[in-house]
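Shown next: upload_4.cif, given as mmCIF, C-alpha atoms and all ligand atoms.
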data_work
loop_
_atom_site.label_atom_id
_atom_site.label_comp_id
_atom_site.auth_asym_id
_atom_site.auth_seq_id
_atom_site.Cartn_x
_atom_site.Cartn_y
_atom_site.Cartn_z
CA MET A 22 65.46 117.88 67.89
CA PHE A 23 66.49 121.54 67.65
CA LYS A 24 67.32 121.16 63.94
CA ARG A 25 63.84 119.79 63.29
CA MET A 26 62.25 122.54 65.36
CA GLN A 27 64.16 125.11 63.37
CA SER A 28 63.28 123.63 60.00
CA MET A 29 59.57 123.54 60.91
CA GLN A 30 59.75 126.87 62.78
CA VAL A 31 58.35 125.27 65.96
CA GLN A 32 58.51 127.72 68.87
CA ALA A 33 58.53 125.26 71.79
CA VAL A 34 58.33 121.59 72.66
CA HIS A 35 57.33 120.54 76.17
CA SER A 36 57.80 116.97 77.35
CA PHE A 37 56.24 115.32 80.39
CA GLN A 38 56.72 111.98 82.06
CA THR A 39 55.16 110.11 84.97
CA ILE A 40 54.82 106.62 86.41
CA GLY A 41 51.21 105.49 86.58
CA PRO A 42 49.51 103.55 89.42
CA ASP A 43 49.93 100.49 87.14
CA ASN A 44 53.72 101.15 87.19
CA HIS A 45 53.76 101.93 83.49
CA ASP A 46 55.77 104.84 82.18
CA TYR A 47 53.54 107.51 80.60
CA ARG A 48 54.93 110.25 78.37
CA ALA A 49 53.40 113.24 76.64
CA ILE A 50 54.70 115.89 74.25
CA ILE A 51 53.10 119.28 73.65
CA ALA A 52 54.42 121.10 70.57
CA ILE A 53 53.69 124.78 70.16
CA HIS A 54 54.35 125.86 66.61
CA ASN A 55 53.41 129.52 66.60
CA THR A 56 51.53 131.88 68.90
CA ASN A 57 51.67 135.07 66.82
CA LEU A 58 47.90 135.12 66.45
CA GLY A 59 46.96 133.82 69.90
CA PRO A 60 47.39 130.86 72.27
CA ALA A 61 48.04 127.57 70.50
CA LEU A 62 44.98 125.36 70.04
CA GLY A 63 45.11 121.78 68.81
CA GLY A 64 44.04 118.25 69.57
CA CYS A 65 45.59 115.60 71.77
CA ARG A 66 46.44 112.26 70.14
CA CYS A 67 46.69 109.25 72.40
CA LEU A 68 48.43 106.40 70.59
CA HIS A 69 51.06 103.70 70.68
CA TYR A 70 54.16 105.00 68.88
CA ALA A 71 56.89 102.62 67.73
CA HIS A 72 59.50 105.22 68.66
CA GLU A 73 59.41 108.51 70.55
CA GLN A 74 60.93 110.34 67.56
CA LEU A 75 57.78 109.47 65.60
CA ALA A 76 55.66 110.97 68.37
CA LEU A 77 57.74 114.13 68.37
CA ASP A 78 57.52 114.44 64.57
CA ASP A 79 53.77 113.88 64.71
CA ALA A 80 53.32 116.60 67.35
CA MET A 81 55.48 119.16 65.50
CA ARG A 82 54.02 118.46 62.04
CA LEU A 83 50.44 118.60 63.32
CA ALA A 84 51.14 121.75 65.36
CA GLN A 85 52.45 123.45 62.20
CA GLY A 86 49.28 122.41 60.37
CA MET A 87 47.17 123.97 63.13
CA SER A 88 49.03 127.30 62.84
CA TYR A 89 48.32 127.41 59.12
CA LYS A 90 44.71 126.34 59.62
CA ALA A 91 44.06 129.02 62.26
CA ALA A 92 45.78 131.72 60.21
CA LEU A 93 43.69 130.98 57.12
CA ALA A 94 40.48 130.61 59.14
CA LYS A 95 41.16 133.98 60.79
CA VAL A 96 40.73 132.68 64.31
CA PRO A 97 42.78 134.28 67.11
CA GLN A 98 44.71 131.10 67.86
CA GLY A 99 48.15 129.74 67.31
CA GLY A 100 49.03 126.19 66.33
CA GLY A 101 49.76 123.45 68.82
CA LYS A 102 49.31 119.73 69.17
CA SER A 103 49.94 117.14 71.85
CA VAL A 104 50.61 113.45 71.81
CA ILE A 105 50.33 110.98 74.67
CA LEU A 106 52.60 107.99 74.11
CA LEU A 107 50.83 104.92 75.42
CA PRO A 108 53.15 102.32 76.97
CA ASN A 109 53.77 99.78 74.22
CA LYS A 110 52.93 96.77 76.39
CA LEU A 111 49.61 98.25 77.46
CA ALA A 112 46.45 97.52 75.42
CA LEU A 113 44.13 100.48 74.85
CA ALA A 114 41.34 98.83 76.83
CA GLU A 115 43.63 98.52 79.88
CA VAL A 116 44.46 102.22 80.09
CA ASP A 117 43.29 103.91 83.30
CA ARG A 118 41.81 106.93 81.52
CA GLU A 119 40.84 108.75 84.73
CA PHE A 120 44.47 108.71 85.83
CA LEU A 121 45.94 109.40 82.37
CA PHE A 122 43.80 112.38 81.45
CA SER A 123 43.91 113.87 84.96
CA TRP A 124 47.69 113.81 84.69
CA PHE A 125 47.61 115.20 81.15
CA GLY A 126 45.23 117.98 82.30
CA GLN A 127 47.85 118.95 84.90
CA CYS A 128 50.51 119.06 82.15
CA VAL A 129 48.31 121.42 80.10
CA GLU A 130 47.65 123.58 83.17
CA LYS A 131 51.43 124.01 83.72
CA LEU A 132 51.60 125.90 80.40
CA ASN A 133 49.31 128.65 81.76
CA GLY A 134 47.04 128.86 78.73
CA GLN A 135 49.76 128.95 76.06
CA TYR A 136 48.26 125.67 74.81
CA ILE A 137 44.57 124.76 74.65
CA THR A 138 43.91 121.07 74.14
CA ALA A 139 41.09 119.30 72.29
CA MET A 140 39.98 115.93 70.99
CA ASP A 141 41.89 114.05 68.30
CA VAL A 142 42.69 110.48 67.27
CA GLY A 143 42.48 108.22 70.33
CA THR A 144 40.70 110.70 72.60
CA GLN A 145 37.02 111.28 73.25
CA VAL A 146 34.73 113.82 74.92
CA SER A 147 34.79 111.90 78.24
CA ASP A 148 38.62 112.24 78.28
CA MET A 149 38.26 115.99 77.73
CA ASP A 150 35.82 116.15 80.65
CA ILE A 151 38.47 114.54 82.88
CA ILE A 152 41.04 117.09 81.62
CA ALA A 153 38.57 119.91 82.32
CA LYS A 154 38.68 119.08 86.05
CA GLN A 155 42.39 120.03 86.03
CA THR A 156 42.49 122.98 83.63
CA VAL A 157 40.18 125.41 81.84
CA HIS A 158 42.39 125.21 78.75
CA VAL A 159 40.40 122.56 76.93
CA ALA A 160 38.20 123.20 73.89
CA SER A 161 36.25 120.02 73.32
CA ALA A 162 34.81 119.00 76.67
CA SER A 163 31.07 118.34 76.76
CA ASN A 164 30.35 121.98 77.69
CA ILE A 165 31.71 123.07 74.28
CA GLY A 166 29.54 120.92 72.02
CA ASP A 167 30.01 118.93 68.83
CA PRO A 168 32.13 120.69 66.16
CA ALA A 169 30.86 118.44 63.32
CA PRO A 170 27.89 120.65 62.29
CA ALA A 171 30.26 123.64 61.90
CA THR A 172 32.75 121.47 59.98
CA ALA A 173 29.97 120.28 57.66
CA GLN A 174 28.84 123.89 57.14
CA GLY A 175 32.41 124.75 56.13
CA VAL A 176 32.58 121.83 53.72
CA MET A 177 29.33 122.93 52.05
CA THR A 178 30.67 126.49 51.79
CA GLY A 179 33.92 125.17 50.35
CA ILE A 180 32.11 123.01 47.80
CA LYS A 181 30.17 126.10 46.64
CA ALA A 182 33.42 128.06 46.22
CA ALA A 183 35.02 125.22 44.25
CA LEU A 184 31.97 124.83 41.98
CA ASP A 185 31.75 128.58 41.37
CA PHE A 186 35.43 128.77 40.51
CA TYR A 187 35.56 125.64 38.36
CA PHE A 188 32.37 126.25 36.39
CA SER A 189 32.44 130.08 36.57
CA THR A 190 28.79 130.10 37.63
CA SER A 191 26.75 130.54 40.78
CA SER A 192 26.69 127.09 42.36
CA LEU A 193 23.37 127.43 44.16
CA ALA A 194 21.40 126.88 40.96
CA GLU A 195 23.81 124.16 39.90
CA PHE A 196 23.65 121.59 42.69
CA SER A 197 20.76 119.65 41.18
CA ALA A 198 22.75 119.17 37.99
CA LYS A 199 25.85 117.85 39.73
CA ARG A 200 27.01 114.49 41.01
CA PHE A 201 28.79 114.19 44.38
CA VAL A 202 30.61 111.18 45.78
CA ILE A 203 31.14 111.06 49.55
CA GLN A 204 33.68 108.80 51.22
CA GLY A 205 32.55 108.28 54.81
CA LEU A 206 29.11 108.92 56.32
CA GLY A 207 30.27 109.82 59.83
CA HIS A 208 29.62 112.98 61.83
CA VAL A 209 30.64 115.28 58.98
CA GLY A 210 29.97 113.19 55.87
CA TRP A 211 26.43 112.34 56.90
CA ARG A 212 25.53 116.01 57.39
CA VAL A 213 27.07 116.97 54.04
CA ALA A 214 25.16 114.12 52.33
CA GLN A 215 21.86 115.30 53.83
CA GLN A 216 22.44 118.93 52.78
CA LEU A 217 23.45 117.96 49.25
CA LYS A 218 20.32 115.84 48.90
CA GLN A 219 18.21 118.76 50.14
CA LEU A 220 19.69 120.87 47.32
CA GLY A 221 18.57 118.23 44.82
CA ALA A 222 22.04 116.85 44.06
CA ASP A 223 22.82 113.37 42.80
CA VAL A 224 24.72 111.79 45.74
CA ILE A 225 26.72 108.55 45.88
CA ALA A 226 28.46 107.40 49.07
CA ALA A 227 30.37 104.58 50.74
CA ASP A 228 30.94 103.61 54.36
CA PRO A 229 31.91 100.26 55.91
CA ASP A 230 29.11 100.79 58.45
CA LYS A 231 26.08 98.97 57.02
CA GLU A 232 23.56 100.83 59.17
CA LYS A 233 24.80 104.22 57.95
CA CYS A 234 24.53 102.96 54.37
CA ARG A 235 20.97 101.79 54.96
CA GLN A 236 19.99 105.20 56.36
CA ALA A 237 21.62 106.92 53.37
CA GLN A 238 19.73 104.71 50.91
CA ALA A 239 16.50 105.75 52.64
CA LEU A 240 17.39 109.35 51.66
CA GLY A 241 17.87 108.33 48.02
CA ILE A 242 21.66 108.12 48.18
CA GLU A 243 23.26 105.43 46.03
CA ILE A 244 25.73 103.24 47.95
CA VAL A 245 28.88 101.82 46.35
CA ASP A 246 31.64 99.56 47.67
CA VAL A 247 34.23 101.17 49.92
CA GLU A 248 36.98 99.95 47.52
CA ASP A 249 35.35 101.65 44.50
CA VAL A 250 34.28 104.96 45.96
CA LEU A 251 37.26 107.12 44.97
CA CYS A 252 37.15 106.21 41.27
CA GLN A 253 33.44 106.98 40.70
CA THR A 254 32.61 109.41 37.90
CA CYS A 255 31.44 112.64 39.49
CA ASP A 256 31.78 116.41 39.61
CA VAL A 257 32.89 116.58 43.24
CA LEU A 258 34.66 113.93 45.30
CA VAL A 259 34.09 114.60 49.04
CA PRO A 260 36.56 112.65 51.23
CA CYS A 261 35.16 112.59 54.78
CA ALA A 262 36.83 109.50 56.24
CA LEU A 263 40.58 108.94 56.34
CA GLY A 264 43.85 110.74 55.69
CA GLY A 265 46.25 109.91 52.83
CA VAL A 266 43.49 108.63 50.52
CA ILE A 267 44.72 110.44 47.40
CA ASP A 268 47.97 108.62 46.67
CA ASP A 269 50.03 107.74 43.58
CA ASP A 270 47.77 104.79 42.71
CA VAL A 271 44.45 106.53 43.27
CA ILE A 272 45.37 109.64 41.31
CA ASN A 273 45.30 107.78 38.00
CA GLN A 274 41.87 106.35 38.76
CA LEU A 275 40.19 109.61 39.75
CA ASP A 276 37.27 110.63 37.54
CA CYS A 277 36.22 113.86 39.24
CA LYS A 278 36.61 117.59 38.55
CA ILE A 279 36.89 118.77 42.15
CA ILE A 280 38.07 117.29 45.47
CA ALA A 281 36.51 119.05 48.46
CA GLY A 282 35.98 117.21 51.74
CA SER A 283 36.71 117.31 55.46
CA ALA A 284 39.26 114.51 55.93
CA ASN A 285 42.57 115.69 57.37
CA ASN A 286 45.75 115.25 55.30
CA GLN A 287 43.96 113.88 52.23
CA LEU A 288 47.01 114.01 49.99
CA ALA A 289 49.48 111.17 50.65
CA HIS A 290 52.43 113.45 49.88
CA GLU A 291 53.13 116.99 48.69
CA GLY A 292 53.73 115.95 45.07
CA ILE A 293 50.09 114.94 44.76
CA ALA A 294 48.97 118.60 44.77
CA GLN A 295 50.99 119.20 41.59
CA ALA A 296 49.72 115.97 40.01
CA LEU A 297 46.12 117.07 40.66
CA ALA A 298 46.81 120.46 39.08
CA SER A 299 48.31 118.74 36.03
CA ARG A 300 45.14 116.67 35.68
CA ASN A 301 43.02 119.86 35.99
CA ILE A 302 41.39 118.57 39.18
CA LEU A 303 40.62 121.46 41.52
CA TYR A 304 41.62 120.64 45.10
CA ALA A 305 40.22 122.53 48.09
CA PRO A 306 43.07 122.23 50.67
CA ASP A 307 41.78 120.16 53.58
CA TYR A 308 43.03 122.51 56.24
CA ILE A 309 41.04 125.40 54.75
CA ILE A 310 37.78 123.61 53.98
CA ASN A 311 37.62 121.66 57.28
CA ALA A 312 38.34 124.67 59.53
CA GLY A 313 34.69 124.97 60.67
CA GLY A 314 35.41 122.72 63.67
CA LEU A 315 38.36 124.87 64.76
CA ILE A 316 36.35 128.08 64.30
CA PHE A 317 33.57 126.60 66.43
CA ALA A 318 35.90 125.29 69.16
CA SER A 319 37.83 128.57 69.38
CA ASN A 320 34.62 130.55 69.54
CA GLN A 321 33.04 128.37 72.24
CA TYR A 322 36.26 128.31 74.25
CA HIS A 323 36.42 132.12 74.29
CA ARG A 324 32.74 132.31 75.19
CA LEU A 325 33.36 130.09 78.21
CA GLN A 326 36.46 132.05 79.22
CA THR A 327 34.74 135.43 79.04
CA GLY A 328 31.19 134.42 79.94
CA ASP A 329 30.04 136.38 76.86
CA GLN A 330 26.82 134.89 75.46
CA ASN A 331 26.16 137.63 72.88
CA SER A 332 25.65 136.66 69.24
CA VAL A 333 28.23 133.89 69.53
CA GLU A 334 26.38 131.62 67.17
CA THR A 335 26.14 134.31 64.49
CA SER A 336 29.79 135.23 64.76
CA TYR A 337 31.08 131.69 64.34
CA LYS A 338 28.66 130.89 61.52
CA ASP A 339 29.72 134.04 59.66
CA LYS A 340 33.35 133.10 60.11
CA VAL A 341 32.69 129.59 58.78
CA GLU A 342 31.06 131.19 55.72
CA SER A 343 34.27 133.16 55.13
CA ILE A 344 35.91 129.86 54.09
CA TYR A 345 34.29 130.66 50.72
CA GLN A 346 36.38 133.85 50.26
CA THR A 347 39.57 132.21 51.50
CA LEU A 348 39.26 129.35 49.03
CA MET A 349 38.38 131.73 46.18
CA GLU A 350 41.47 133.81 46.98
CA VAL A 351 43.67 130.70 46.95
CA PHE A 352 42.14 129.33 43.74
CA LYS A 353 42.59 132.67 41.95
CA LEU A 354 46.15 133.18 43.19
CA ALA A 355 47.13 129.65 42.12
CA LYS A 356 45.75 130.26 38.65
CA ALA A 357 47.34 133.70 38.31
CA GLN A 358 50.74 132.57 39.60
CA GLY A 359 50.78 129.15 37.92
CA LYS A 360 51.47 127.47 41.27
CA ASN A 361 49.75 124.51 42.85
CA ILE A 362 47.02 125.26 45.36
CA ASN A 363 48.75 123.86 48.44
CA GLN A 364 51.82 125.96 47.78
CA VAL A 365 49.72 129.13 47.49
CA ALA A 366 47.72 128.26 50.63
CA ASN A 367 50.91 127.68 52.65
CA GLU A 368 52.39 130.97 51.45
CA LEU A 369 49.22 132.84 52.40
CA ALA A 370 49.23 131.25 55.87
CA LEU A 371 52.88 132.21 56.42
CA ARG A 372 52.15 135.80 55.36
CA ARG A 373 49.27 136.00 57.85
CA LEU A 374 51.45 134.58 60.63
CA ALA A 375 54.14 137.16 59.89
CA LEU A 376 51.57 139.95 59.66
CA GLY A 377 50.09 138.81 62.98
CA ILE A 378 53.31 139.37 64.87
CA GLU A 379 53.91 142.75 63.22
CA LEU A 380 50.42 143.97 64.02
CA SER A 381 50.37 142.65 67.55
CA MET A 382 53.65 144.46 68.23
CA ALA A 383 52.36 147.67 66.63
CA THR A 384 48.80 147.89 67.91
CA LYS A 385 47.77 144.99 70.15
CA GLY A 386 44.50 145.28 68.21
CA ASN A 387 42.51 142.78 66.21
CA VAL A 388 45.02 141.53 63.67
CA TYR A 389 42.29 140.55 61.30
CA ASP A 390 41.07 144.07 60.78
CA ALA A 391 44.07 144.60 58.58
CA ALA A 392 44.89 141.06 57.46
P1 LIG B 1 33.76 109.92 61.92
O1 LIG B 1 34.67 108.96 62.59
O2 LIG B 1 32.47 110.31 62.58
O3 LIG B 1 33.38 109.39 60.46
C1 LIG B 1 34.25 108.74 59.60
C2 LIG B 1 33.41 107.78 58.79
O4 LIG B 1 34.22 107.21 57.79
C3 LIG B 1 32.84 106.62 59.61
O5 LIG B 1 31.45 106.52 59.37
C4 LIG B 1 33.61 105.43 59.10
O6 LIG B 1 32.83 104.23 59.15
C5 LIG B 1 33.89 105.85 57.68
N1 LIG B 1 35.00 105.14 57.03
C6 LIG B 1 36.09 104.59 57.60
N2 LIG B 1 36.86 104.01 56.64
C7 LIG B 1 36.22 104.22 55.47
C8 LIG B 1 36.51 103.88 54.13
N3 LIG B 1 37.61 103.19 53.79
N4 LIG B 1 35.66 104.25 53.16
C9 LIG B 1 34.52 104.94 53.47
N5 LIG B 1 34.20 105.30 54.72
C10 LIG B 1 35.04 104.94 55.72
O7 LIG B 1 34.65 111.22 61.61
P2 LIG B 1 34.15 112.69 61.31
O8 LIG B 1 34.09 113.45 62.57
O9 LIG B 1 32.96 112.64 60.42
O10 LIG B 1 35.40 113.25 60.49
C11 LIG B 1 35.64 112.84 59.16
C12 LIG B 1 37.00 113.35 58.71
O11 LIG B 1 37.03 114.78 58.84
C13 LIG B 1 38.17 112.84 59.56
O12 LIG B 1 39.29 112.70 58.73
C14 LIG B 1 38.41 113.96 60.55
O13 LIG B 1 39.75 113.99 61.00
C15 LIG B 1 38.10 115.17 59.70
N6 LIG B 1 37.69 116.33 60.48
C16 LIG B 1 36.59 116.26 61.28
C17 LIG B 1 36.20 117.36 62.03
C18 LIG B 1 34.97 117.32 62.89
O14 LIG B 1 34.52 118.41 63.33
N7 LIG B 1 34.39 116.17 63.16
C19 LIG B 1 36.96 118.62 61.97
C20 LIG B 1 38.06 118.61 61.03
C21 LIG B 1 38.42 117.49 60.34
#

Output the file's structure as structure tokens, nothing else.
Amino acid sequence: MFKRMQSMQVQAVHSFQTIGPDNHDYRAIIAIHNTNLGPALGGCRCLHYAHEQLALDDAMRLAQGMSYKAALAKVPQGGGKSVILLPNKLALAEVDREFLFSWFGQCVEKLNGQYITAMDVGTQVSDMDIIAKQTVHVASASNIGDPAPATAQGVMTGIKAALDFYFSTSSLAEFSAKRFVIQGLGHVGWRVAQQLKQLGADVIAADPDKEKCRQAQALGIEIVDVEDVLCQTCDVLVPCALGGVIDDDVINQLDCKIIAGSANNQLAHEGIAQALASRNILYAPDYIINAGGLIFASNQYHRLQTGDQNSVETSYKDKVESIYQTLMEVFKLAKAQGKNINQVANELALRRLALGIELSMATKGNVYDAA
């Protein structure tokens, strides 16, 4: 474990264990990757894992991703992630969620605010509300609100940056002349689809949910089969559904100029970033373009902690808009240095993490003033 922690530069891993009232053995891992910029914030996954090593890897890898995301989004948070390992013989529907999330809330509380938890795969707002009875260190209980509108705002901002960079024009006048393909019409994808239609764009989408497709058609959105969505001819492909969708098979079928969507971990492996660059497809790194939700959650969490109601909405919306500058910086650096975009984004995140620790030691001030 220590070798892995070292290679991923994970600061701490906390493990917890208890026996539930059903006599099952419950385990949880909280990985804290980096707190140079502030307390670690990241979701809690609640899943069956075939092996506890997989759970540990998941927690550390995702915690690292959160550090990079927070650094590039300029939010005063570090990166952390937690996983709850469901007992393998227990079906999801049989889990006593009141017990499980009360216990997990106590685990979070033991870390004294070093880690702030939130929703992720396998958890929902009602679980966060149970956690909130045990600890204040939770950033997606029902008193925080839905992050999807902020995430969608960030995706729209990111799409503008990608269009401006790719076509060397101002995108606002260009939307009506462009074709967008959206994979997934959920909380984020639906909002992006609506906003693109309002700007006069040609929008195509796919979702296995028939009702969502029917509503989209009523807005004038063309619906295609879920299997065909990624290979549609378009200017911008907007993945807003699943991770790992751009893989070695899909890459040869892509017929887009830009990929810019909210889905986490869109690229199946690191080599895909280079393959996209070789095909002259501009990729907006998912952890930059989908940071609106994190910006929102961090902002709302701090508002609740401090009781400060002043201009909160404006400050988070402005910060979401700054995703435009971050993406532009990464696009330009990648072009100037002849590197792929993910590589440049990771290097920038690491520089900000390093700068964060230097500045906090020197001044204890707002690290972003100088970052
Ligand atoms: P969601 O669960 O509301 O929506 C996902 C949609 O994708 C659903 O409508 C689902 O039916 C559809 N879908 C599933 N498989 C599909 C397929 N093969 N082809 C087309 N559509 C498919 O999720 P949400 O909140 O909209 O998030 C979308 C993505 O963005 C996820 O990957 C999520 O992790 C990521 N994300 C979301 C944030 C948020 O604030 N909601 C923040 C950051 C990332």

Interface rows for chain A against ligand LIG 1 (chain B): nearest pair, Å to one decimal, 6 Å, all atoms listed in the file, as a Markdown table:
| residue | atom | partner | partner_atom | distance |
| --- | --- | --- | --- | --- |
| A:Pro168 | CA | B:LIG1 | O14 | 4.3 |
| A:Ala169 | CA | B:LIG1 | O14 | 3.7 |
| A:Thr172 | CA | B:LIG1 | O14 | 4.9 |
| A:Gln204 | CA | B:LIG1 | C9 | 4.5 |
| A:Gly205 | CA | B:LIG1 | N5 | 3.4 |
| A:Leu206 | CA | B:LIG1 | O5 | 4.5 |
| A:Gly207 | CA | B:LIG1 | O3 | 3.2 |
| A:His208 | CA | B:LIG1 | O9 | 3.6 |
| A:Val209 | CA | B:LIG1 | O9 | 3.8 |
| A:Gly210 | CA | B:LIG1 | O9 | 5.5 |
| A:Ala227 | CA | B:LIG1 | C9 | 5.0 |
| A:Asp228 | CA | B:LIG1 | N5 | 3.7 |
| A:Pro229 | CA | B:LIG1 | O6 | 5.2 |
| A:Asp230 | CA | B:LIG1 | O6 | 5.1 |
| A:Val247 | CA | B:LIG1 | N4 | 4.7 |
| A:Cys261 | CA | B:LIG1 | C12 | 4.4 |
| A:Ala262 | CA | B:LIG1 | O4 | 3.8 |
| A:Leu263 | CA | B:LIG1 | O12 | 4.6 |
| A:Gly264 | CA | B:LIG1 | O12 | 5.8 |
| A:Ser283 | CA | B:LIG1 | O11 | 4.2 |
| A:Ala284 | CA | B:LIG1 | O12 | 3.3 |
| A:Asn285 | CA | B:LIG1 | O12 | 4.6 |
| A:Asn311 | CA | B:LIG1 | C20 | 4.9 |
| A:Gly314 | CA | B:LIG1 | O14 | 4.4 |

Nearest to Ala61 of chain A, chosen from A:Val257, A:Leu315, A:Ala49, A:Leu75, with only C-alpha atoms counted in the distances: A:Leu315

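Distances from A:Leu58, A:Val157, A:Met81, A:Ile362 to Val96 of chain A were compared using only C-alpha atoms, and the smallest one belongs to A:Leu58.
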
Minimum-distance residue to Arg48 of chain A, chosen among A:Ser161, A:Ser103, A:Gln98, A:Gln30 (using all atoms listed in the file): A:Ser103

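Residues lying within 8 Å of Tyr47 of chain A, counting only C-alpha atoms and ignoring same-chain neighbours fewer than 5 positions away, are Gln38, Thr39, Ile40, Gly41, Ile105, Leu106, Leu107 and Pro108 of chain A.
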
With C-alpha atoms retained, write the just-selected residues as a short mmCIF file (atom, residue, chain, number, x, y, z; two decimals), in the coordinates of the input.
data_model
loop_
_atom_site.label_atom_id
_atom_site.label_comp_id
_atom_site.auth_asym_id
_atom_site.auth_seq_id
_atom_site.Cartn_x
_atom_site.Cartn_y
_atom_site.Cartn_z
CA GLN A 38 56.72 111.98 82.06
CA THR A 39 55.16 110.11 84.97
CA ILE A 40 54.82 106.62 86.41
CA GLY A 41 51.21 105.49 86.58
CA ILE A 105 50.33 110.98 74.67
CA LEU A 106 52.60 107.99 74.11
CA LEU A 107 50.83 104.92 75.42
CA PRO A 108 53.15 102.32 76.97
#

Would you mind listing what lies within 8 Å of segment 292-303 of chain A as a PDB file with C-alpha atoms, in the coordinates of the input, with all atoms listed in the file counted and same-chain residues fewer than 6 positions away left out?
ATOM      1  CA  ALA A 183      35.020 125.220  44.250  1.00  0.00           C
ATOM      2  CA  TYR A 187      35.560 125.640  38.360  1.00  0.00           C
ATOM      3  CA  ILE A 267      44.720 110.440  47.400  1.00  0.00           C
ATOM      4  CA  ASP A 268      47.970 108.620  46.670  1.00  0.00           C
ATOM      5  CA  ASP A 269      50.030 107.740  43.580  1.00  0.00           C
ATOM      6  CA  ILE A 272      45.370 109.640  41.310  1.00  0.00           C
ATOM      7  CA  CYS A 277      36.220 113.860  39.240  1.00  0.00           C
ATOM      8  CA  LYS A 278      36.610 117.590  38.550  1.00  0.00           C
ATOM      9  CA  ILE A 279      36.890 118.770  42.150  1.00  0.00           C
ATOM     10  CA  ILE A 280      38.070 117.290  45.470  1.00  0.00           C
ATOM     11  CA  ASN A 361      49.750 124.510  42.850  1.00  0.00           C
ATOM     12  CA  ILE A 362      47.020 125.260  45.360  1.00  0.00           C
ATOM     13  CA  ASN A 363      48.750 123.860  48.440  1.00  0.00           C
TER      14      ASN A 363
END

Contacts of Leu132 of chain A at 12 Å (only C-alpha atoms; same-chain gap of 2+ positions) as a list in words: Ala33, Val34, His35, Ser36, Phe37, Ile51, Ala52, Ile53, Pro60, Ala61, Gly101, Phe125, Gly126, Gln127, Cys128, Val129, Glu130, Gly134, Gln135, Tyr136, Ile137, Thr138, Thr156, Val157 and His158 of chain A

Selection file, C-alpha atoms, as an mmCIF file, keeping the file's coordinate frame:
data_model
loop_
_atom_site.group_PDB
_atom_site.id
_atom_site.type_symbol
_atom_site.label_atom_id
_atom_site.label_comp_id
_atom_site.auth_asym_id
_atom_site.auth_seq_id
_atom_site.Cartn_x
_atom_site.Cartn_y
_atom_site.Cartn_z
ATOM 1 C CA ALA A 33 58.530 125.260 71.790
ATOM 2 C CA VAL A 34 58.330 121.590 72.660
ATOM 3 C CA HIS A 35 57.330 120.540 76.170
ATOM 4 C CA SER A 36 57.800 116.970 77.350
ATOM 5 C CA PHE A 37 56.240 115.320 80.390
ATOM 6 C CA ILE A 51 53.100 119.280 73.650
ATOM 7 C CA ALA A 52 54.420 121.100 70.570
ATOM 8 C CA ILE A 53 53.690 124.780 70.160
ATOM 9 C CA PRO A 60 47.390 130.860 72.270
ATOM 10 C CA ALA A 61 48.040 127.570 70.500
ATOM 11 C CA GLY A 101 49.760 123.450 68.820
ATOM 12 C CA PHE A 125 47.610 115.200 81.150
ATOM 13 C CA GLY A 126 45.230 117.980 82.300
ATOM 14 C CA GLN A 127 47.850 118.950 84.900
ATOM 15 C CA CYS A 128 50.510 119.060 82.150
ATOM 16 C CA VAL A 129 48.310 121.420 80.100
ATOM 17 C CA GLU A 130 47.650 123.580 83.170
ATOM 18 C CA GLY A 134 47.040 128.860 78.730
ATOM 19 C CA GLN A 135 49.760 128.950 76.060
ATOM 20 C CA TYR A 136 48.260 125.670 74.810
ATOM 21 C CA ILE A 137 44.570 124.760 74.650
ATOM 22 C CA THR A 138 43.910 121.070 74.140
ATOM 23 C CA THR A 156 42.490 122.980 83.630
ATOM 24 C CA VAL A 157 40.180 125.410 81.840
ATOM 25 C CA HIS A 158 42.390 125.210 78.750
#

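Across A:Leu83, A:Val159, A:Ala91, A:Ala112, the tightest approach to Ile316 of chain A is made by A:Ala91 when counting all atoms listed in the file.
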
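Atom to atom, atom CA of Thr178 of chain A and atom CA of Thr56 of chain A stand 27.5 Å apart.
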
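With distances taken over all atoms listed in the file, A:Leu111 is the one residue among A:Leu111, A:Gly359, A:Ile309, A:Gln85 lying closest to Leu68 of chain A.
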
Contacts of Ala370 of chain A at 6 Å (all atoms listed in the file; same-chain gap of 2+ positions) as a list in words: Tyr89, Ala92, Leu93, Asn367, Glu368, Arg372 and Arg373 of chain A

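Between Met149 of chain A and the candidates A:Val116, A:Val341, A:Ile180, A:Cys65, the tightest atom-to-atom separation, counting only C-alpha atoms, involves A:Cys65.
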
Please identify all polymer residues within 7 Å of Asn55 of chain A, counting all atoms listed in the file, omitting same-chain residues fewer than 4 positions from it, and present them as a PDB file with C-alpha atoms, in the frame of the given file.
ATOM      1  CA  VAL A  31      58.350 125.270  65.960  1.00  0.00           C
ATOM      2  CA  GLN A  32      58.510 127.720  68.870  1.00  0.00           C
ATOM      3  CA  ALA A  61      48.040 127.570  70.500  1.00  0.00           C
ATOM      4  CA  SER A  88      49.030 127.300  62.840  1.00  0.00           C
ATOM      5  CA  GLY A  99      48.150 129.740  67.310  1.00  0.00           C
ATOM      6  CA  GLY A 100      49.030 126.190  66.330  1.00  0.00           C
TER       7      GLY A 100
END

Selection as a ChimeraX atom specification: residues within 12 Å of (21.8, 108.8, 56.1), counting all atoms listed in the file: /A:203,205-218,224-228,230-244

Atomic separation - atom CA of Cys67 of chain A relative to atom CA of Gln326 of chain A, Å: 25.9 Å

Cut-off 9 Å around (31.2, 121.6, 72.7) with all atoms listed in the file: residues as a PyMOL selection string: chain A and resi 146+160-168+317-318+321-322
